[in-house]
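Worksheet: the structure to be examined is printed underneath.
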Amino acid sequence: MNLLEIEGLSATIDGNQILRGLDLALPAGEVHAIMGPNGAGKSTLAHVLAGRDEYEVTGSVRLDGEDLLTMSPEERAVAGLFLAFQHPVEIPGVGNSYFLRTALNAVRGARGENPLDAMDFMAYVKQRMALVEMDASFLSRSVNEGFSGGERKRNEILQMAILEPRLAILDETDSGLDIDAVRIVAHGANTLRAPDRSMLVITHHQRLLDELVPDVVHVLAEGRIVRSGGPELAKELEASGYVGLELEGAR
Amino acid sequence: MTDVTDEIAAEKSEIQSLADRQYRYGFSSDFEADVVPRGLNEDIIRLISSKKDEPEWLLAWRLQAYRAWLDMAMPEWQMFHLDPIDFQDIIYYAAPKAKPKLESMDEVDPEMREMFDKLGISLTEQKRLSGVAVDAVVDSASVATTFQKQLAEVGVIFCSFSAAVRDHPELVRRYLGSVVPFRDNFFAALNSAVFSDGSFCFIPKGVKCPMELSTYFRMNQADTGQFERTLIVAEEGASVSYLEGCTAPQRDNNQLHAAVVEILAMDDADVKYSTVQNWYPGDAEGRGGIHNFVTKRGKALTNAKISWTQVETGSAITWKYPSVILKGDNSVGEFYSVALTTHHQWADTGTKMTHIGKNTTSTIVSKGISTHVAQQVYRGLVKVMRSAEGARNHTQCDSLLIGDRCGAHTLPYIEVKNSSAQVEHEAYTSKIAEDQLFYCRQRGISEEDAVSMIVHGFCRDVFKELPMEYVVEARNLLNMKLEGSVG
C-alpha cells in the first residue's frame with residue numbers, strides 16, 4: 001500500500017517550470033531518499049507537497065488515497081504531512097513550547113483527540129526531547145530565535161517527534177550541520193521509523209544516508225525522477241556525480 | 001471583615017449593573033441625559049461650572065483657558081487628514097440623568113453585541129472588579145467609584161474629579177495644571193475650559209496603594225465630546241498602579257475625545273499608568289469613529305519613576321504622546337506602547353522624554369501593527385537638557401505590516417545638549433513574512449491563529465509591562481481586531 005502517490009506532477013513559478021511530470025510512489029513504512037543536482041527541483045517538490053501557494057501545480061498527489069493538492073497547508077499538516085524545513089524561520093516573542101502545543105493540539109483535534117493541557121504537554125514533550133538530545137531550556141525560548149543552525153534542525157526533528165506524522169519530508173535537514181549534529185538528527189529520525197510512517201529524505205550528501213539508511217534512493221534531475229535504486233545508488237552518486245546520470249535518464 | 005466583604009460585594013453588584021447597562025443595553029441613548037445646549041462660549045462654560053457647583057477660582061481658570069484657546073490654532077503638523085472640526089457643533093456636557101429603561105436585547109446592534117461577546121468584556125469586567133477600584137465615567141460625569149472607604153483607611157483619595165473639587169479643593173487647586181498648563185496646546189486648552197469630569201487620585205507620603213486603581217470611560221450620548229481630566233499625585237515615596245479603559249458606541253459621525261492626564265511623582269514615588277483604549281474606530285469604510293486627541297504627561301522628581309503602558313486598538317484617529325519630564329536626579333521615565341490599526345484607522349503616537357535631572361533614564365518601546373489601509377506614525381522626542389549629566393535613553397520602535405496596503409512611518413527627534421548623554425535608537429519595519437505564516441500553517445495552525453500568534457509575539461515586550469489582570473483583556477482585544485485581517 002502506497003502512502004504517497006505522485007503522478008505527473010508539474011510545478012511552475014514565475015513562468016519557470018521546475019517540476020516536469022514527476023512520478024513517485026512511497027509505500028507505508030519506507031524511507032526514500034531524493035538526491036539530485038542543485039536546481040533539480042528537490043526543495044520545490046517539498047514545498048509543493050506541503051502546499052506553498054506560489055506555484056502553479058498540475059498532476060495528482062494522493063496521501064493515503066486523499067487528494068492532497070486541493071487541501072490547504074494546515075489541512076495537509078493535520079492529515080499527517082510534516083515538512084522539516086531547510087531554513088526554519090524565527091518567530092520572535094512566540095515561546096517554543098506554546099508553538100509546539102498549539103501545533104500538537106491542532107493535529108490532535110483533527111484526529112479527534114482531546115487537547116493536551118500545559119502540564120500533560122510538558123510531560124509528553126520532555127520524553128520526546130531526549131530523542132534529539134535537547135534540554136528543557138529550548139522550550140522557554142522563542143521559536144528558532146537565536147538558535148544555531150544545528151539547534152534549528154534538531155528543533156525540526158523534535159517537532160516531528162511530537163506531531164507524529166504519517167509522512168515526514170526532510171528537506172536538506174543535514175545541510176550546514178557538523179558530523180555530530182548529523183548523527184543526532186539521523187538518530188532522531190531513525191527512532192521515528194515505524195511501519196505506518198514514511199519519510200522522504202531530501203539530501204545532497206551520502207553522509208546522512210550512512211546513518212539514516214533509505215529503502216530506495218531516487219535521483220531527481222530536471223524536474224523528474226530519472227533513476228531509482230537501492231542505498232548503493234547514493235554511494236555511486238557520491239563517487240561519480242550527477243552529470244552522467246542526467247544524460248542517461250532524462251534524455 | 002464580613003462588613004468589608006459585604007460592602008465590596010454590594011459595590012461590585014452596583015458596578016456590575018452599571019457595566020451590564022453599558023454593554024448589554026447602553027450602546028446608545030437608552031438613558032435620559034442632562035445636556036447643555038450645543039456650542040461653545042463663555043456662557044456654556046459658566047453653565048457647566050454652575051451645574052457642578054464649582055468654586056469661583058475654578059470657573060476663573062476655565063475662562064482663562066477658554067480665552068487662551070480662542071487665540072490658538074489647530075495644529076497642522078500631523079500627517080493624517082483631518083476635516084475641520086466645527087467646535088460650535090459639539091455638545092460639551094452630557095450626564096446620565098435617570099436610571100436607564102431596560103430595552104430588549106434585540107435592539108442592540110447584533111454586530112456590536114457580537115463584538116462584546118467575542119471580547120468577553122463582561123467576564124473581564126467581573127474579574128476587573130474583584131480586586132480593583134473603579135471610577136466609571138459615562139459621557140461627562142462620574143457615575144460610581146468603588147472601594148473609596150477601604151482606600152481612605154490608608155489615606156488614598158480616589159474619586160471623581162467633581163468630588164475632588166468639592167471635597168479636596170485645596171489639593172485640586174494646588175496641582176491642577178501643574179504638569180499640563182492650559183496653554184500647553186490647542187486641545188489641552190479646550191479641555192481646561194470645558195472638562196467635565198474624570199478621576200482624581202492622591203497617594204500620600206510613603207503609601208503603597210493597596211489595589212489597582214482604574215477609570216472606565218464610556219462615551220454614550222450622540223454629538224457630545226468627552227473632555228475628561230485625570231490628576232494623579234503621588235507624594236514622596238508613594239506608589240500606585242492605575243489603569244484606564246475606554247469604549248464608545250458605534251456612530252456615523254466623528255466624536256471628539258480630548259482628555260488631559262497629569263501625573264506628579266514626587267521624590268522616590270512610583271506611578272504606573274496603563275491604558276487599554278478601545279474607542280469606536282469607525283466602520284470598514286472609514287465612516288465615524290472617535291477622534292482621540294489626548295495630552296498625557298508626568299513629572300518625575302528625584303528618584304521618581306513614571307511608566308506609561310498603552311494598548312491602543314480603537315479610535316478613528318489616535319493622536320497622543322504620553323510623556324515624562326524627568327526633572328529630578330535619577331528619575332526614570334518609561335513608555336511601552338502597542339498600537340493596532342485596521343481598515344482606515346490612523347495612529348500618530350509616541351512619547352516625549354525630557355531629561356533635566358542628572359542620571360535620568362528613559363526607555364521607549366513602541367510596537368505598531370497595521371492592516372488593511374491603516375497608517376501609523378511613531379513620533380518621539382528625546383530631549384536631553386544641558387543639566388542632564390549622565391542621561392540615558394534607549395528607544396526601540398518596531399512596525400509590523402499585514403498586507404501591502406498599510407503603512408508605517410517613524411519620526412524620531414533627538415535633541416541632546418549634554419555630551420555625556422547616551423541615546424540609542426533602534427527601529428525596524430517588517431511584513432508578516434509569508435515564510436512565518438507558512439511555517440505555522442505547515443504545523444497545522446490555521447492562518448488566522450498564525451497571524452494572531454505572530455502579532456502577540458511581536459507585542460510581548462509591551463504586554464509583559466501590563467498589570468496581570470489586563471493582559472488577557474488586551475490579548476482578546478487584539479485577537480478580535482485581527483479577525484478578518486488576512487486574505
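Residues in the C-alpha cells are numbered from 1 in each chain, the chains being A, B, ... in the order shown, and ligands are numbered from 1 in the order shown.
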List as JSON lines every residue of chain B that is in contact with chain A, defined as an atom at most 7 Å from one of its atoms (using only C-alpha atoms), together with the nearest atom pair and the distance in Å rounded to one decimal, sorted by chain and then rising number.
```
{"residue": "B:Asp435", "atom": "CA", "partner": "A:Val89", "partner_atom": "CA", "distance": 6.8}
{"residue": "B:Gln436", "atom": "CA", "partner": "A:Val89", "partner_atom": "CA", "distance": 6.1}
{"residue": "B:Arg441", "atom": "CA", "partner": "A:Glu74", "partner_atom": "CA", "distance": 4.7}
{"residue": "B:Gln442", "atom": "CA", "partner": "A:Pro73", "partner_atom": "CA", "distance": 5.5}
{"residue": "B:Arg443", "atom": "CA", "partner": "A:Ala103", "partner_atom": "CA", "distance": 5.4}
{"residue": "B:Gly444", "atom": "CA", "partner": "A:Glu74", "partner_atom": "CA", "distance": 4.2}
{"residue": "B:Ile445", "atom": "CA", "partner": "A:Ala103", "partner_atom": "CA", "distance": 5.8}
{"residue": "B:Ser446", "atom": "CA", "partner": "A:Glu74", "partner_atom": "CA", "distance": 6.1}
{"residue": "B:Met453", "atom": "CA", "partner": "A:Val94", "partner_atom": "CA", "distance": 6.9}
{"residue": "B:Ile454", "atom": "CA", "partner": "A:Ile91", "partner_atom": "CA", "distance": 6.6}
{"residue": "B:Gly457", "atom": "CA", "partner": "A:Gly93", "partner_atom": "CA", "distance": 3.7}
{"residue": "B:Phe458", "atom": "CA", "partner": "A:Gly93", "partner_atom": "CA", "distance": 5.7}
{"residue": "B:Arg460", "atom": "CA", "partner": "A:Gly93", "partner_atom": "CA", "distance": 5.9}
```
So that I can check the surroundings of Arg154 in chain A, please list as a PDB file with C-alpha atoms, in the first residue's frame every protein, DNA and RNA residue that reaches within 10 Å of it, counting only C-alpha atoms and ignoring chain neighbours fewer than 5 positions away.
```pdb
ATOM      1  CA  ALA A  84      11.233  19.591   8.258  1.00  0.00           C
ATOM      2  CA  MET A 129      13.147  15.783  23.683  1.00  0.00           C
ATOM      3  CA  LEU A 131      15.363  11.770  21.206  1.00  0.00           C
ATOM      4  CA  VAL A 132      17.167  14.770  19.821  1.00  0.00           C
ATOM      5  CA  GLU A 133      19.296  15.474  22.890  1.00  0.00           C
ATOM      6  CA  MET A 134      17.651  18.818  23.609  1.00  0.00           C
ATOM      7  CA  SER A 148      22.234  27.906  15.922  1.00  0.00           C
ATOM      8  CA  GLY A 149      21.851  26.045  12.624  1.00  0.00           C
ATOM      9  CA  GLN A 159       8.545  18.810  16.173  1.00  0.00           C
ATOM     10  CA  MET A 160       8.322  15.735  14.006  1.00  0.00           C
ATOM     11  CA  THR A 173      17.992  18.607   7.200  1.00  0.00           C
ATOM     12  CA  ALA A 181      24.774  17.084  14.648  1.00  0.00           C
ATOM     13  CA  VAL A 182      24.050  14.908  11.607  1.00  0.00           C
ATOM     14  CA  ILE A 184      21.861  13.347  16.380  1.00  0.00           C
ATOM     15  CA  VAL A 185      19.365  14.275  13.667  1.00  0.00           C
ATOM     16  CA  ALA A 186      19.685  10.875  11.977  1.00  0.00           C
ATOM     17  CA  GLY A 188      16.092  11.070  15.985  1.00  0.00           C
TER      18      GLY A 188
END
```
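Picture a line from CA of His204 in chain A to CA of Glu238 in chain A; it runs 9.2 Å.
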Name the residues in contact with Gly41 in chain A at a cut-off of 10 Å, using only C-alpha atoms, excluding same-chain residues fewer than 4 positions from it; report them as a compact mmCIF listing (two decimals) with N, CA and C atoms, in the first residue's frame.
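And here is the file that came out, selection-v6.txt:
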```
# COMPACT_ATOMS: atom_id res chain seq x y z
N ALA A 11 5.20 21.75 -11.69
CA ALA A 11 5.07 22.98 -10.90
C ALA A 11 5.83 24.09 -11.61
N GLN A 17 9.22 26.47 -15.35
CA GLN A 17 8.74 25.16 -14.94
C GLN A 17 9.85 24.43 -14.19
N ILE A 18 9.57 24.05 -12.97
CA ILE A 18 10.59 23.41 -12.12
C ILE A 18 10.37 21.90 -12.09
N LEU A 19 9.14 21.49 -11.85
CA LEU A 19 8.84 20.05 -11.88
C LEU A 19 8.15 19.75 -13.21
N ARG A 20 8.57 18.62 -13.82
CA ARG A 20 8.09 18.31 -15.17
C ARG A 20 7.56 16.89 -15.23
N GLY A 36 20.00 14.76 -5.98
CA GLY A 36 19.99 15.39 -7.29
C GLY A 36 20.78 16.68 -7.26
N PRO A 37 21.15 17.16 -8.45
CA PRO A 37 21.97 18.37 -8.52
C PRO A 37 21.18 19.60 -8.06
N LEU A 45 9.81 20.35 -4.80
CA LEU A 45 8.96 19.19 -4.53
C LEU A 45 8.45 19.23 -3.08
N ALA A 46 9.38 19.51 -2.15
CA ALA A 46 8.99 19.55 -0.74
C ALA A 46 7.93 20.63 -0.50
N HIS A 47 8.16 21.81 -1.08
CA HIS A 47 7.23 22.92 -0.85
C HIS A 47 5.88 22.69 -1.52
N LEU A 220 16.59 12.97 -8.68
CA LEU A 220 15.72 13.98 -9.28
C LEU A 220 16.59 14.91 -10.11
N ALA A 221 16.28 14.98 -11.41
CA ALA A 221 17.03 15.89 -12.28
C ALA A 221 16.07 16.49 -13.30
N GLU A 222 16.24 17.78 -13.53
CA GLU A 222 15.41 18.49 -14.49
C GLU A 222 13.92 18.24 -14.29
N GLY A 223 13.52 18.19 -13.04
CA GLY A 223 12.10 18.20 -12.73
C GLY A 223 11.41 16.86 -12.73
N ARG A 224 12.17 15.75 -12.85
CA ARG A 224 11.51 14.45 -12.70
C ARG A 224 12.49 13.43 -12.16
```
Distance query Ser10 in chain A at most 7 Å, only C-alpha atoms, self and fewer than 5 positions along chain excluded, as a compact mmCIF listing (two decimals) with N, CA and C atoms, in the first residue's frame:
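Contents of selection.txt, as written:
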```
# COMPACT_ATOMS: atom_id res chain seq x y z
N LEU A 19 9.14 21.49 -11.85
CA LEU A 19 8.84 20.05 -11.88
C LEU A 19 8.15 19.75 -13.21
N ARG A 20 8.57 18.62 -13.82
CA ARG A 20 8.09 18.31 -15.17
C ARG A 20 7.56 16.89 -15.23
N GLY A 21 6.38 16.71 -14.69
CA GLY A 21 5.76 15.40 -14.78
C GLY A 21 6.43 14.35 -13.91
N LEU A 22 6.55 14.67 -12.63
CA LEU A 22 7.25 13.78 -11.71
C LEU A 22 6.33 12.67 -11.20
N VAL A 57 0.44 24.42 -10.03
CA VAL A 57 0.67 22.98 -9.92
C VAL A 57 -0.34 22.20 -10.75
N THR A 58 0.13 21.20 -11.47
CA THR A 58 -0.79 20.25 -12.13
C THR A 58 -0.30 18.84 -11.82
N GLY A 59 -1.17 17.87 -12.08
CA GLY A 59 -0.82 16.49 -11.77
C GLY A 59 -1.64 16.01 -10.60
```
